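Pasted below: target32.txt, compact mmCIF, C-alpha atoms.
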```
# COMPACT_ATOMS: atom_id res chain seq x y z
CA MET L 542 29.84 -10.15 -19.77
CA PRO L 543 27.30 -12.21 -21.74
CA ARG L 544 27.02 -14.59 -18.78
CA LYS L 545 25.88 -11.79 -16.43
CA HIS L 546 23.28 -10.71 -18.99
CA THR L 547 22.01 -14.30 -19.21
CA THR L 548 21.90 -14.55 -15.41
CA ASN L 549 19.92 -11.32 -15.17
CA GLU L 550 17.55 -12.50 -17.88
CA ALA L 551 16.97 -15.74 -15.99
CA LEU L 552 16.39 -13.80 -12.76
CA VAL L 553 13.95 -11.45 -14.49
CA ASP L 554 12.09 -14.43 -15.92
CA SER L 555 11.98 -16.03 -12.48
CA VAL L 556 10.73 -12.83 -10.81
CA ALA L 557 8.02 -12.44 -13.46
CA HIS L 558 6.98 -16.07 -13.02
CA ASN L 559 6.93 -15.79 -9.22
CA LEU L 560 4.87 -12.60 -9.38
CA PHE L 561 2.24 -14.35 -11.48
CA GLN L 562 2.21 -17.17 -8.95
CA ALA L 563 2.12 -14.88 -5.89
CA LEU L 564 -0.45 -12.26 -6.93
CA PRO L 565 -3.51 -14.51 -6.67
CA ILE L 566 -2.20 -15.85 -3.36
CA PHE L 567 -1.79 -12.32 -2.01
CA ARG L 568 -5.23 -11.24 -3.14
CA LYS L 569 -7.22 -14.28 -2.07
CA ARG L 570 -5.38 -16.05 0.71
CA LEU L 571 -3.27 -13.41 2.40
CA LEU L 572 -5.16 -10.15 2.10
CA HIS L 573 -8.79 -11.18 1.74
CA MET L 574 -9.46 -7.70 0.35
CA ASP L 575 -12.86 -8.86 -0.86
CA VAL L 576 -13.80 -9.47 2.80
CA ILE L 577 -12.43 -6.05 3.80
CA GLN L 578 -14.26 -4.28 0.97
CA ARG L 579 -17.51 -6.08 1.72
CA GLU L 580 -17.36 -5.62 5.50
CA PHE L 581 -16.21 -1.99 5.51
CA ASN L 582 -17.68 -0.89 2.17
CA ILE L 583 -14.42 0.80 1.20
CA PRO L 584 -12.22 0.15 -1.85
CA LEU L 585 -8.61 -0.96 -1.39
CA SER L 586 -7.35 2.27 -2.97
CA HIS L 587 -9.10 4.29 -0.25
CA VAL L 588 -7.60 2.13 2.48
CA GLN L 589 -4.16 2.52 0.89
CA VAL L 590 -4.45 6.32 0.89
CA MET L 591 -5.58 6.46 4.52
CA ALA L 592 -2.84 4.03 5.61
CA MET L 593 -0.16 5.94 3.72
CA LEU L 594 -1.24 9.24 5.26
CA TYR L 595 -1.49 7.72 8.72
CA ASP L 596 1.94 6.06 8.47
CA ASN L 597 3.77 8.93 6.73
CA GLY L 598 1.92 12.08 7.72
CA PRO L 599 0.22 14.73 5.58
CA MET L 600 0.92 14.75 1.83
CA ASN L 601 -0.25 16.72 -1.14
CA VAL L 602 -2.24 15.09 -3.93
CA SER L 603 0.79 14.92 -6.23
CA GLU L 604 2.80 13.00 -3.63
CA ILE L 605 -0.07 10.58 -3.00
CA SER L 606 -0.38 10.08 -6.75
CA ARG L 607 3.34 9.38 -7.15
CA ARG L 608 3.57 7.00 -4.21
CA LEU L 609 0.56 4.93 -5.26
CA GLY L 610 1.33 5.06 -8.96
CA ILE L 611 -2.16 6.36 -9.71
CA ALA L 612 -2.64 9.29 -12.08
CA LYS L 613 -3.38 12.59 -10.34
CA PRO L 614 -6.75 13.03 -12.12
CA ASN L 615 -7.81 9.68 -10.61
CA ILE L 616 -6.57 10.55 -7.11
CA THR L 617 -8.57 13.78 -6.81
CA PRO L 618 -12.04 12.12 -6.93
CA LEU L 619 -10.77 9.43 -4.56
CA ILE L 620 -9.66 12.14 -2.10
CA ASP L 621 -12.98 13.96 -2.59
CA ARG L 622 -14.88 10.78 -1.62
CA LEU L 623 -12.70 10.27 1.45
CA ILE L 624 -13.41 13.89 2.42
CA ARG L 625 -17.18 13.35 1.99
CA GLU L 626 -16.89 10.27 4.22
CA GLN L 627 -14.97 12.48 6.71
CA TYR L 628 -11.97 10.14 6.67
CA VAL L 629 -9.50 12.78 5.44
CA GLU L 630 -9.39 16.54 5.09
CA ARG L 631 -7.51 19.19 3.15
CA GLN L 632 -5.29 21.53 5.14
CA ARG L 633 -3.16 24.41 3.98
CA ASP L 634 0.54 23.97 4.66
CA GLU L 635 1.54 26.38 7.40
CA LYS L 636 4.98 26.99 5.83
CA ASP L 637 3.69 27.49 2.30
CA ARG L 638 0.04 28.56 2.14
CA ARG L 639 -0.07 27.71 -1.59
CA MET L 640 0.34 24.03 -0.74
CA VAL L 641 -2.65 21.95 0.33
CA ASN L 642 -1.99 18.72 2.20
CA ILE L 643 -4.30 15.82 2.86
CA THR L 644 -4.46 14.53 6.44
CA VAL L 645 -6.32 11.70 8.09
CA CYS L 646 -9.22 12.74 10.34
CA PRO L 647 -9.92 11.00 13.66
CA SER L 648 -12.82 9.10 12.07
CA GLY L 649 -10.46 7.93 9.29
CA ILE L 650 -7.94 6.76 11.87
CA GLY L 651 -10.69 4.88 13.69
CA GLU L 652 -11.85 3.19 10.50
CA LEU L 653 -8.28 2.35 9.49
CA GLU L 654 -7.62 0.82 12.91
CA LYS L 655 -10.71 -1.38 12.51
CA ILE L 656 -9.61 -2.43 9.01
CA ARG L 657 -6.07 -3.20 10.18
CA LYS L 658 -7.45 -5.25 13.09
CA LYS L 659 -9.65 -7.21 10.68
CA MET L 660 -6.64 -7.81 8.40
CA ARG L 661 -4.59 -8.90 11.41
CA ASP L 662 -7.35 -11.32 12.42
CA LEU L 663 -7.51 -12.72 8.88
CA VAL L 664 -3.73 -13.15 8.83
CA ALA L 665 -3.80 -14.81 12.25
CA GLU L 666 -6.45 -17.20 10.94
CA TRP L 667 -4.47 -18.52 7.99
CA ALA L 668 -1.10 -18.12 9.74
CA SER L 669 -2.17 -20.54 12.46
CA ASP L 670 -1.34 -23.32 9.98
CA LEU L 671 2.25 -22.07 9.57
CA SER L 672 5.21 -22.92 11.72
CA THR L 673 6.94 -20.06 13.50
CA SER L 674 9.93 -20.41 11.15
CA ASP L 675 7.69 -20.26 8.05
CA LEU L 676 5.86 -17.22 9.44
CA ARG L 677 9.19 -15.55 10.20
CA ALA L 678 10.45 -16.38 6.68
CA LEU L 679 7.29 -14.90 5.16
CA ASN L 680 7.65 -11.75 7.27
CA ASP L 681 11.32 -11.41 6.32
CA SER L 682 10.45 -11.88 2.64
CA LEU L 683 7.76 -9.19 2.80
CA GLU L 684 10.20 -6.82 4.54
CA THR L 685 12.70 -7.49 1.75
CA ILE L 686 10.08 -6.81 -0.92
CA ASP L 687 9.19 -3.54 0.79
CA ALA L 688 12.86 -2.55 1.15
CA VAL L 689 13.78 -3.38 -2.45
CA LEU L 690 10.67 -1.99 -4.13
CA GLY L 691 10.38 0.90 -1.69
CA SER L 692 13.90 2.05 -2.52
CA THR L 693 13.10 1.72 -6.22
CA LEU L 694 10.03 3.93 -5.72
CA GLN L 695 12.12 6.51 -3.88
CA LYS L 696 14.63 6.57 -6.78
CA GLU L 697 11.78 7.02 -9.27
CA LYS L 698 10.34 9.81 -7.13
CA ARG L 699 13.67 11.66 -7.01
CA SER L 700 14.11 11.41 -10.79
CA THR L 701 10.71 12.99 -11.56
```

Go ahead and render the structure in this file as structure tokens.
Amino acid sequence: MPRKHTTNEALVDSVAHNLFQALPIFRKRLLHMDVIQREFNIPLSHVQVMAMLYDNGPMNVSEISRRLGIAKPNITPLIDRLIREQYVERQRDEKDRRMVNITVCPSGIGELEKIRKKMRDLVAEWASDLSTSDLRALNDSLETIDAVLGSTLQKEKRST
């Protein structure tokens, strides 16, 4: 048994090390979020909310808070700003009128599509230096990260 514990400790150390190495690469080279924020004048957190709603459908503020790992008191002003910008709106749930869901408006979808196109263009720019096999390996790795961490998030969500 001690050997497994040692192996897990080594893996945890390696994951922590790799995260420290990867985060600056993600922020600066892969995502270029500074370019997105400057060009579209919208914070990453706002883009994340719109993308999550677009990809997953309407959600209430608590669900958005849980999925993004941002405290509910911090999500409400963010949602309010997106509403003022007419990117999202509040809608009463037809099945349970007590529930209020947030949905993406057509103008929010339009803005999100422009942002995603810009991100795609930025990725295409730096990816042009990669071989097809390296690009495929990167894509597979990102899918694995999403699958592993996404399932962890779902477990955390069920336990709360």

| Out of L:Leu623, L:Ile643, L:Ile566, L:Ile577, which residue has the shortest atom-to-atom distance to Ile605 (chain L) when counting all atoms listed in the file? |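 Comparing L:Leu623, L:Ile643, L:Ile566, L:Ile577 against Ile605 (chain L), the winner is L:Ile643.
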
| Leaving out region 628-636 of chain L and any residue of its chain fewer than 4 positions from it, which residues lie within 12 Å of it when counting only C-alpha atoms, given as an MDAnalysis selection string? | chainID L and resid 583 587:588 590:595 598:602 617 619:624 640:653

| CA of Asn559 (chain L) and CA of Ser682 (chain L), how far apart in Å? | 13.0 Å

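Between Leu679 (chain L) and the residues L:Asn615, L:Ser606, L:Asp662, L:Phe567, the shortest atom-to-atom distance, using only C-alpha atoms, involves L:Phe567.
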
| What is the distance between CA of Asn597 (chain L) and CA of Arg677 (chain L), in Å to one decimal? |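 These two atoms are separated by 25.3 Å.
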